[in-house]
>>> print(open('structure_29.cif').read())   # mmCIF, C-alpha atoms
data_work
loop_
_atom_site.group_PDB
_atom_site.id
_atom_site.type_symbol
_atom_site.label_atom_id
_atom_site.label_comp_id
_atom_site.auth_asym_id
_atom_site.auth_seq_id
_atom_site.Cartn_x
_atom_site.Cartn_y
_atom_site.Cartn_z
ATOM 1 C CA MET A 1 44.356 121.432 57.492
ATOM 2 C CA SER A 2 46.683 120.978 60.463
ATOM 3 C CA ASN A 3 45.796 121.004 64.147
ATOM 4 C CA ASP A 4 49.389 121.274 65.395
ATOM 5 C CA LEU A 5 50.136 123.754 68.172
ATOM 6 C CA ILE A 6 52.775 126.377 67.351
ATOM 7 C CA LEU A 7 54.444 128.352 70.153
ATOM 8 C CA ILE A 8 55.653 131.795 69.017
ATOM 9 C CA ILE A 9 58.360 133.327 71.237
ATOM 10 C CA GLU A 10 58.786 136.807 69.779
ATOM 11 C CA ASP A 11 59.033 140.243 71.412
ATOM 12 C CA GLU A 12 57.759 142.277 68.448
ATOM 13 C CA PRO A 13 53.906 142.539 68.607
ATOM 14 C CA GLU A 14 53.530 143.172 64.866
ATOM 15 C CA THR A 15 55.570 140.084 63.986
ATOM 16 C CA ARG A 16 53.611 137.947 66.457
ATOM 17 C CA ASP A 17 50.305 139.112 64.996
ATOM 18 C CA LEU A 18 51.477 138.392 61.447
ATOM 19 C CA MET A 19 52.545 134.859 62.412
ATOM 20 C CA HIS A 20 49.251 134.232 64.196
ATOM 21 C CA ARG A 21 47.128 135.297 61.220
ATOM 22 C CA TYR A 22 48.873 133.245 58.568
ATOM 23 C CA LEU A 23 49.389 130.144 60.700
ATOM 24 C CA ARG A 24 45.775 130.083 61.865
ATOM 25 C CA ARG A 25 44.612 130.573 58.296
ATOM 26 C CA GLU A 26 46.260 127.225 57.519
ATOM 27 C CA GLY A 27 44.600 125.527 60.486
ATOM 28 C CA PHE A 28 47.451 125.690 63.004
ATOM 29 C CA ARG A 29 46.716 126.482 66.630
ATOM 30 C CA THR A 30 48.983 129.208 68.027
ATOM 31 C CA VAL A 31 50.051 130.626 71.368
ATOM 32 C CA ASP A 32 52.634 133.341 71.908
ATOM 33 C CA ALA A 33 55.042 134.750 74.453
ATOM 34 C CA PRO A 34 56.832 138.142 74.428
ATOM 35 C CA ASN A 35 59.919 136.904 76.263
ATOM 36 C CA ALA A 36 61.937 133.824 77.167
ATOM 37 C CA LYS A 37 60.506 133.346 80.665
ATOM 38 C CA ILE A 38 56.883 133.167 79.532
ATOM 39 C CA GLY A 39 57.879 131.200 76.438
ATOM 40 C CA LEU A 40 59.538 128.449 78.478
ATOM 41 C CA GLU A 41 56.580 128.377 80.875
ATOM 42 C CA HIS A 42 54.257 127.836 77.884
ATOM 43 C CA TYR A 43 56.605 125.196 76.511
ATOM 44 C CA ARG A 44 56.628 123.170 79.731
ATOM 45 C CA LYS A 45 52.870 123.444 80.221
ATOM 46 C CA LEU A 46 51.516 123.143 76.665
ATOM 47 C CA LYS A 47 54.118 120.892 74.974
ATOM 48 C CA PRO A 48 53.761 122.495 71.506
ATOM 49 C CA ASP A 49 54.483 120.655 68.264
ATOM 50 C CA LEU A 50 56.829 123.382 67.018
ATOM 51 C CA VAL A 51 58.418 126.576 68.359
ATOM 52 C CA LEU A 52 59.092 129.742 66.360
ATOM 53 C CA LEU A 53 61.858 131.393 68.360
ATOM 54 C CA ASP A 54 63.387 134.842 68.036
ATOM 55 C CA ILE A 55 67.093 135.015 68.899
ATOM 56 C CA THR A 56 67.033 138.546 70.340
ATOM 57 C CA LEU A 57 64.674 138.510 73.323
ATOM 58 C CA PRO A 58 64.495 141.140 76.080
ATOM 59 C CA ASP A 59 65.328 138.813 78.979
ATOM 60 C CA GLN A 60 67.449 135.986 77.557
ATOM 61 C CA ASN A 61 69.466 134.991 74.501
ATOM 62 C CA GLY A 62 67.424 132.874 72.087
ATOM 63 C CA TYR A 63 70.269 130.355 71.796
ATOM 64 C CA GLU A 64 69.988 129.746 75.538
ATOM 65 C CA VAL A 65 66.232 129.248 75.198
ATOM 66 C CA LEU A 66 66.828 126.754 72.396
ATOM 67 C CA ALA A 67 69.354 124.884 74.547
ATOM 68 C CA GLU A 68 66.805 124.659 77.367
ATOM 69 C CA ILE A 69 64.160 123.361 74.968
ATOM 70 C CA ARG A 70 66.634 120.740 73.772
ATOM 71 C CA ARG A 71 67.292 119.778 77.401
ATOM 72 C CA LEU A 72 63.574 119.384 78.086
ATOM 73 C CA GLY A 73 62.559 117.620 74.895
ATOM 74 C CA ASN A 74 62.966 117.131 71.171
ATOM 75 C CA THR A 75 60.419 119.601 69.826
ATOM 76 C CA ARG A 76 61.036 121.110 66.389
ATOM 77 C CA VAL A 77 62.366 124.687 66.578
ATOM 78 C CA ILE A 78 62.678 127.297 63.839
ATOM 79 C CA LEU A 79 64.759 130.359 64.639
ATOM 80 C CA VAL A 80 63.240 133.576 63.270
ATOM 81 C CA THR A 81 65.572 136.567 63.523
ATOM 82 C CA GLY A 82 66.790 139.788 62.035
ATOM 83 C CA ARG A 83 70.379 138.574 62.277
ATOM 84 C CA ARG A 84 71.618 137.782 58.786
ATOM 85 C CA GLU A 85 75.253 136.852 59.440
ATOM 86 C CA ILE A 86 76.260 133.288 58.553
ATOM 87 C CA ILE A 87 77.853 132.882 61.998
ATOM 88 C CA ASP A 88 74.437 133.380 63.627
ATOM 89 C CA GLU A 89 72.846 130.768 61.399
ATOM 90 C CA LEU A 90 75.653 128.292 62.089
ATOM 91 C CA GLN A 91 75.342 128.881 65.817
ATOM 92 C CA GLY A 92 71.626 128.134 65.591
ATOM 93 C CA PHE A 93 72.206 124.806 63.892
ATOM 94 C CA ARG A 94 74.982 123.917 66.332
ATOM 95 C CA VAL A 95 72.660 124.418 69.284
ATOM 96 C CA GLY A 96 69.967 122.352 67.597
ATOM 97 C CA SER A 97 67.598 124.436 65.472
ATOM 98 C CA ASP A 98 65.692 122.687 62.694
ATOM 99 C CA ASP A 99 65.525 125.709 60.397
ATOM 100 C CA TYR A 100 66.526 129.370 60.284
ATOM 101 C CA VAL A 101 64.403 132.194 58.853
ATOM 102 C CA THR A 102 65.604 135.794 58.574
ATOM 103 C CA LYS A 103 63.456 138.915 58.814
ATOM 104 C CA PRO A 104 61.813 140.364 56.881
ATOM 105 C CA PHE A 105 60.127 137.186 55.658
ATOM 106 C CA HIS A 106 57.094 136.492 53.513
ATOM 107 C CA PRO A 107 54.459 134.942 55.805
ATOM 108 C CA ASP A 108 53.480 132.309 53.238
ATOM 109 C CA VAL A 109 57.114 131.169 53.089
ATOM 110 C CA LEU A 110 57.224 130.938 56.881
ATOM 111 C CA VAL A 111 54.088 128.788 56.901
ATOM 112 C CA ALA A 112 55.616 126.547 54.236
ATOM 113 C CA ARG A 113 58.774 126.184 56.349
ATOM 114 C CA VAL A 114 56.673 125.253 59.381
ATOM 115 C CA SER A 115 54.777 122.605 57.411
ATOM 116 C CA THR A 116 57.997 121.132 55.997
ATOM 117 C CA VAL A 117 59.737 120.943 59.376
ATOM 118 C CA LEU A 118 56.699 119.329 61.004
ATOM 119 C CA LYS A 119 56.486 116.700 58.263
ATOM 120 C CA ARG A 120 60.087 115.645 58.655
ATOM 121 C CA GLY A 121 59.683 115.632 62.416
ATOM 122 C CA VAL A 122 56.992 112.934 62.489
ATOM 123 C CA ASP A 123 59.423 110.073 63.066
ATOM 124 C CA ARG A 124 61.985 111.972 65.092
ATOM 125 C CA THR A 125 61.142 110.318 68.424
ATOM 126 C CA ALA A 126 61.996 106.927 66.924
ATOM 127 C CA ASN A 127 65.636 108.003 66.735
ATOM 128 C CA GLN A 128 66.003 109.185 70.322
ATOM 129 C CA LEU A 129 67.590 105.950 71.598
ATOM 130 C CA ILE A 130 71.278 105.762 70.684
ATOM 131 C CA ARG A 131 73.432 102.655 71.214
ATOM 132 C CA VAL A 132 77.215 102.698 71.060
ATOM 133 C CA GLY A 133 78.641 99.355 72.126
ATOM 134 C CA ASN A 134 77.032 98.641 75.482
ATOM 135 C CA LEU A 135 76.295 102.328 76.095
ATOM 136 C CA ILE A 136 72.651 103.414 75.758
ATOM 137 C CA VAL A 137 71.745 107.109 75.492
ATOM 138 C CA ASP A 138 68.030 107.883 75.748
ATOM 139 C CA TYR A 139 67.442 111.467 74.612
ATOM 140 C CA SER A 140 63.715 111.501 75.427
ATOM 141 C CA ALA A 141 64.319 110.339 79.016
ATOM 142 C CA HIS A 142 67.572 112.314 79.287
ATOM 143 C CA THR A 143 69.377 109.293 80.694
ATOM 144 C CA ALA A 144 72.450 107.245 79.842
ATOM 145 C CA SER A 145 73.218 103.720 80.990
ATOM 146 C CA VAL A 146 75.557 100.801 80.346
ATOM 147 C CA ASP A 147 74.080 97.427 79.426
ATOM 148 C CA GLN A 148 75.589 94.595 81.503
ATOM 149 C CA PRO A 149 74.658 90.889 81.906
ATOM 150 C CA THR A 150 73.241 91.779 85.319
ATOM 151 C CA GLY A 151 71.150 94.642 83.886
ATOM 152 C CA GLN A 152 71.523 98.275 82.927
ATOM 153 C CA LYS A 153 73.666 100.525 85.119
ATOM 154 C CA ASP A 154 72.544 104.159 85.123
ATOM 155 C CA LEU A 155 75.386 106.676 84.814
ATOM 156 C CA ASN A 156 73.613 109.359 86.909
ATOM 157 C CA LEU A 157 74.969 112.193 84.763
ATOM 158 C CA THR A 158 74.709 115.905 85.337
ATOM 159 C CA LEU A 159 73.002 117.976 82.621
ATOM 160 C CA LYS A 160 76.334 119.064 81.142
ATOM 161 C CA GLU A 161 77.707 115.516 81.213
ATOM 162 C CA PHE A 162 74.603 114.243 79.439
ATOM 163 C CA SER A 163 74.912 116.938 76.757
ATOM 164 C CA LEU A 164 78.496 115.880 76.131
ATOM 165 C CA ILE A 165 77.827 112.120 75.954
ATOM 166 C CA ASP A 166 74.792 112.709 73.732
ATOM 167 C CA CYS A 167 76.887 114.775 71.310
ATOM 168 C CA LEU A 168 79.697 112.193 71.186
ATOM 169 C CA ALA A 169 77.355 109.198 70.897
ATOM 170 C CA ARG A 170 75.601 110.564 67.813
ATOM 171 C CA THR A 171 78.824 110.155 65.809
ATOM 172 C CA PRO A 172 80.928 107.415 67.439
ATOM 173 C CA GLY A 173 84.546 107.385 66.330
ATOM 174 C CA ARG A 174 84.532 111.050 65.314
ATOM 175 C CA VAL A 175 87.038 113.297 67.062
ATOM 176 C CA PHE A 176 85.298 116.377 68.490
ATOM 177 C CA GLU A 177 87.435 119.440 69.102
ATOM 178 C CA ARG A 178 86.974 121.122 72.459
ATOM 179 C CA SER A 179 85.754 124.281 70.703
ATOM 180 C CA HIS A 180 83.018 122.293 68.937
ATOM 181 C CA LEU A 181 81.871 120.727 72.215
ATOM 182 C CA ILE A 182 81.755 124.161 73.824
ATOM 183 C CA ASP A 183 79.622 125.553 70.962
ATOM 184 C CA LYS A 184 77.314 122.525 70.975
ATOM 185 C CA CYS A 185 76.850 121.925 74.688
ATOM 186 C CA TYR A 186 77.464 125.366 76.216
ATOM 187 C CA PRO A 187 75.569 127.959 74.121
ATOM 188 C CA GLY A 188 76.244 131.597 74.866
ATOM 189 C CA ASP A 189 79.348 132.221 76.917
ATOM 190 C CA GLY A 190 80.994 128.816 77.015
ATOM 191 C CA PRO A 191 83.450 127.527 79.627
ATOM 192 C CA LEU A 192 87.198 127.273 79.322
ATOM 193 C CA ASP A 193 88.845 124.205 77.826
ATOM 194 C CA ARG A 194 89.861 123.004 81.283
ATOM 195 C CA THR A 195 86.192 122.961 82.341
ATOM 196 C CA ILE A 196 85.421 120.627 79.430
ATOM 197 C CA ASP A 197 88.368 118.467 80.514
ATOM 198 C CA SER A 198 87.001 118.314 84.056
ATOM 199 C CA HIS A 199 83.553 117.225 82.835
ATOM 200 C CA MET A 200 85.163 114.624 80.588
ATOM 201 C CA CYS A 201 87.230 113.278 83.480
ATOM 202 C CA ASN A 202 84.080 112.834 85.565
ATOM 203 C CA LEU A 203 82.262 111.293 82.611
ATOM 204 C CA ARG A 204 85.086 108.812 81.998
ATOM 205 C CA SER A 205 85.057 107.783 85.669
ATOM 206 C CA LYS A 206 81.308 107.129 85.559
ATOM 207 C CA LEU A 207 81.628 105.101 82.362
ATOM 208 C CA GLU A 208 84.411 102.997 83.810
ATOM 209 C CA ALA A 209 82.516 102.421 87.074
ATOM 210 C CA ALA A 210 79.534 101.175 85.057
ATOM 211 C CA GLY A 211 81.659 98.759 83.011
ATOM 212 C CA ALA A 212 82.296 100.820 79.874
ATOM 213 C CA SER A 213 86.002 101.402 80.296
ATOM 214 C CA CYS A 214 88.099 102.724 77.396
ATOM 215 C CA MET A 215 85.055 104.133 75.558
ATOM 216 C CA LEU A 216 85.896 107.802 76.072
ATOM 217 C CA VAL A 217 89.206 108.541 74.378
ATOM 218 C CA THR A 218 91.285 111.699 74.691
ATOM 219 C CA VAL A 219 92.960 112.772 71.442
ATOM 220 C CA ARG A 220 95.941 114.769 72.626
ATOM 221 C CA GLY A 221 95.948 118.361 71.448
ATOM 222 C CA VAL A 222 92.573 118.015 69.701
ATOM 223 C CA GLY A 223 89.657 116.808 71.794
ATOM 224 C CA TYR A 224 87.661 113.644 72.437
ATOM 225 C CA ARG A 225 85.960 110.745 70.709
ATOM 226 C CA LEU A 226 83.690 107.896 71.781
ATOM 227 C CA GLU A 227 84.858 104.423 70.800
ATOM 228 C CA ASN A 228 82.328 101.850 69.595
ATOM 229 C CA SER A 229 83.486 99.278 72.125
ATOM 230 C CA ASP A 230 81.770 96.919 74.517
ATOM 231 C CA GLY A 231 84.139 97.710 77.326
#
>>> encode(input="structure_29.cif", output="structure tokens")
Amino acid sequence: MSNDLILIIEDEPETRDLMHRYLRREGFRTVDAPNAKIGLEHYRKLKPDLVLLDITLPDQNGYEVLAEIRRLGNTRVILVTGRREIIDELQGFRVGSDDYVTKPFHPDVLVARVSTVLKRGVDRTANQLIRVGNLIVDYSAHTASVDQPTGQKDLNLTLKEFSLIDCLARTPGRVFERSHLIDKCYPGDGPLDRTIDSHMCNLRSKLEAAGASCMLVTVRGVGYRLENSDG
């Protein structure tokens, strides 16, 4: 029997009740919210082990809620939605969902999905520190710094800049198209390409000032990559 806390962010009362019954039957603790605002308040206060998140909420897009959860922490999230198009599922994984369940679902299958995602999430926090050359990205602390002989120099990034460097640092050497970076770091209505370029220009300046010059590379006509270089 599990004692994990599951946060259900779902606007349909019948669906919430169904989730509560079957999850509690298996020993899970549950709390729910009918909209994004209350759901995020519960998330900040209660720090649940997993979130079941509907995409279509009355006050905010579920992808935006997922992005905020990813900004605040690394909690496992399963999207539960009536949207059955492959583009919706792909968008969910791009923003950072751990699984995707479409309605109508069998409650026993949902519980099994929850158990599986929680099991593979046990060691997730161990992988939150990413090193690329002398760059250190700490997802749990939401910070990035450059390791120098005199000590670490914090980059003092904005939220958008951190999202970008975190995305690039997870696959050093890979060229990321601007469209991919927009989908990954700007869920919902993303910015124009020139906005990405502006953020990247600021990010490059901060890297260079901290002693990590030449790490952020522009691939003309395509996008950006992060070089595995010590400066």
>>> atom_distance(input="structure_29.cif", atom1="CA of Val222 (chain A)", atom2="CA of Ser179 (chain A)")
9.3 Å
>>> resolve_selection(input="structure_29.cif", expression="the PyMOL selection byres ((chain A and resi 7) around 7)", output="VMD selection string")
chain A and resid 5 to 6 8 to 9 30 to 32 48 50 to 52
>>> resolve_selection(input="structure_29.cif", expression="the PyMOL selection byres ((chain A and resi 217) around 12)", output="list of chain:residue names")
A:Leu168, A:Pro172, A:Gly173, A:Arg174, A:Val175, A:Phe176, A:Asp197, A:Met200, A:Cys201, A:Leu203, A:Arg204, A:Leu207, A:Glu208, A:Ala212, A:Ser213, A:Cys214, A:Met215, A:Leu216, A:Thr218, A:Val219, A:Arg220, A:Val222, A:Gly223, A:Tyr224, A:Arg225, A:Leu226, A:Glu227, A:Asn228, A:Ser229
>>> atom_distance(input="structure_29.cif", atom1="CA of Arg84 (chain A)", atom2="CA of Met19 (chain A)")
19.6 Å
>>> resolve_selection(input="structure_29.cif", expression="the PyMOL selection byres ((chain A and resi 149-155) around 12)", output="NGL selection string")
:A and (134-138 or 141-148 or 156-159 or 161-162 or 165 or 202-212 or 230)
>>> residues_around(input="structure_29.cif", residues="Leu18 (chain A)", least_positions_apart="3", cutoff="12 Å", atoms="all atoms listed in the file", output="PyMOL selection string")
chain A and resi 8+10+12-15+21-25+30+32+104-108+110-111
>>> write_last_selection(input="structure_29.cif", atoms="C-alpha atoms", output="PDB file, in the frame of the given file")
ATOM      1  CA  ILE A   8      55.653 131.795  69.017  1.00  0.00           C
ATOM      2  CA  GLU A  10      58.786 136.807  69.779  1.00  0.00           C
ATOM      3  CA  GLU A  12      57.759 142.277  68.448  1.00  0.00           C
ATOM      4  CA  PRO A  13      53.906 142.539  68.607  1.00  0.00           C
ATOM      5  CA  GLU A  14      53.530 143.172  64.866  1.00  0.00           C
ATOM      6  CA  THR A  15      55.570 140.084  63.986  1.00  0.00           C
ATOM      7  CA  ARG A  21      47.128 135.297  61.220  1.00  0.00           C
ATOM      8  CA  TYR A  22      48.873 133.245  58.568  1.00  0.00           C
ATOM      9  CA  LEU A  23      49.389 130.144  60.700  1.00  0.00           C
ATOM     10  CA  ARG A  24      45.775 130.083  61.865  1.00  0.00           C
ATOM     11  CA  ARG A  25      44.612 130.573  58.296  1.00  0.00           C
ATOM     12  CA  THR A  30      48.983 129.208  68.027  1.00  0.00           C
ATOM     13  CA  ASP A  32      52.634 133.341  71.908  1.00  0.00           C
ATOM     14  CA  PRO A 104      61.813 140.364  56.881  1.00  0.00           C
ATOM     15  CA  PHE A 105      60.127 137.186  55.658  1.00  0.00           C
ATOM     16  CA  HIS A 106      57.094 136.492  53.513  1.00  0.00           C
ATOM     17  CA  PRO A 107      54.459 134.942  55.805  1.00  0.00           C
ATOM     18  CA  ASP A 108      53.480 132.309  53.238  1.00  0.00           C
ATOM     19  CA  LEU A 110      57.224 130.938  56.881  1.00  0.00           C
ATOM     20  CA  VAL A 111      54.088 128.788  56.901  1.00  0.00           C
TER      21      VAL A 111
END
>>> atom_distance(input="structure_29.cif", atom1="CA of Glu177 (chain A)", atom2="CA of Arg71 (chain A)")
21.8 Å
>>> closest_residue(input="structure_29.cif", among="A:Ala33, A:Val114, A:Ala169, A:Val109", to="Leu129 (chain A)", atoms="all atoms listed in the file")
A:Ala169
>>> closest_residue(input="structure_29.cif", among="A:Thr195, A:Ser163, A:Ser97, A:Thr75", to="Leu46 (chain A)", atoms="only C-alpha atoms")
A:Thr75
>>> axis_aligned_box(input="structure_29.cif", around="region 103-119 of chain A", padding_each_side="3 Å", output="AutoDock Vina command-line options")
--center_x 58.5 --center_y 128.5 --center_z 57.0 --size_x 16.0 --size_y 29.7 --size_z 13.9
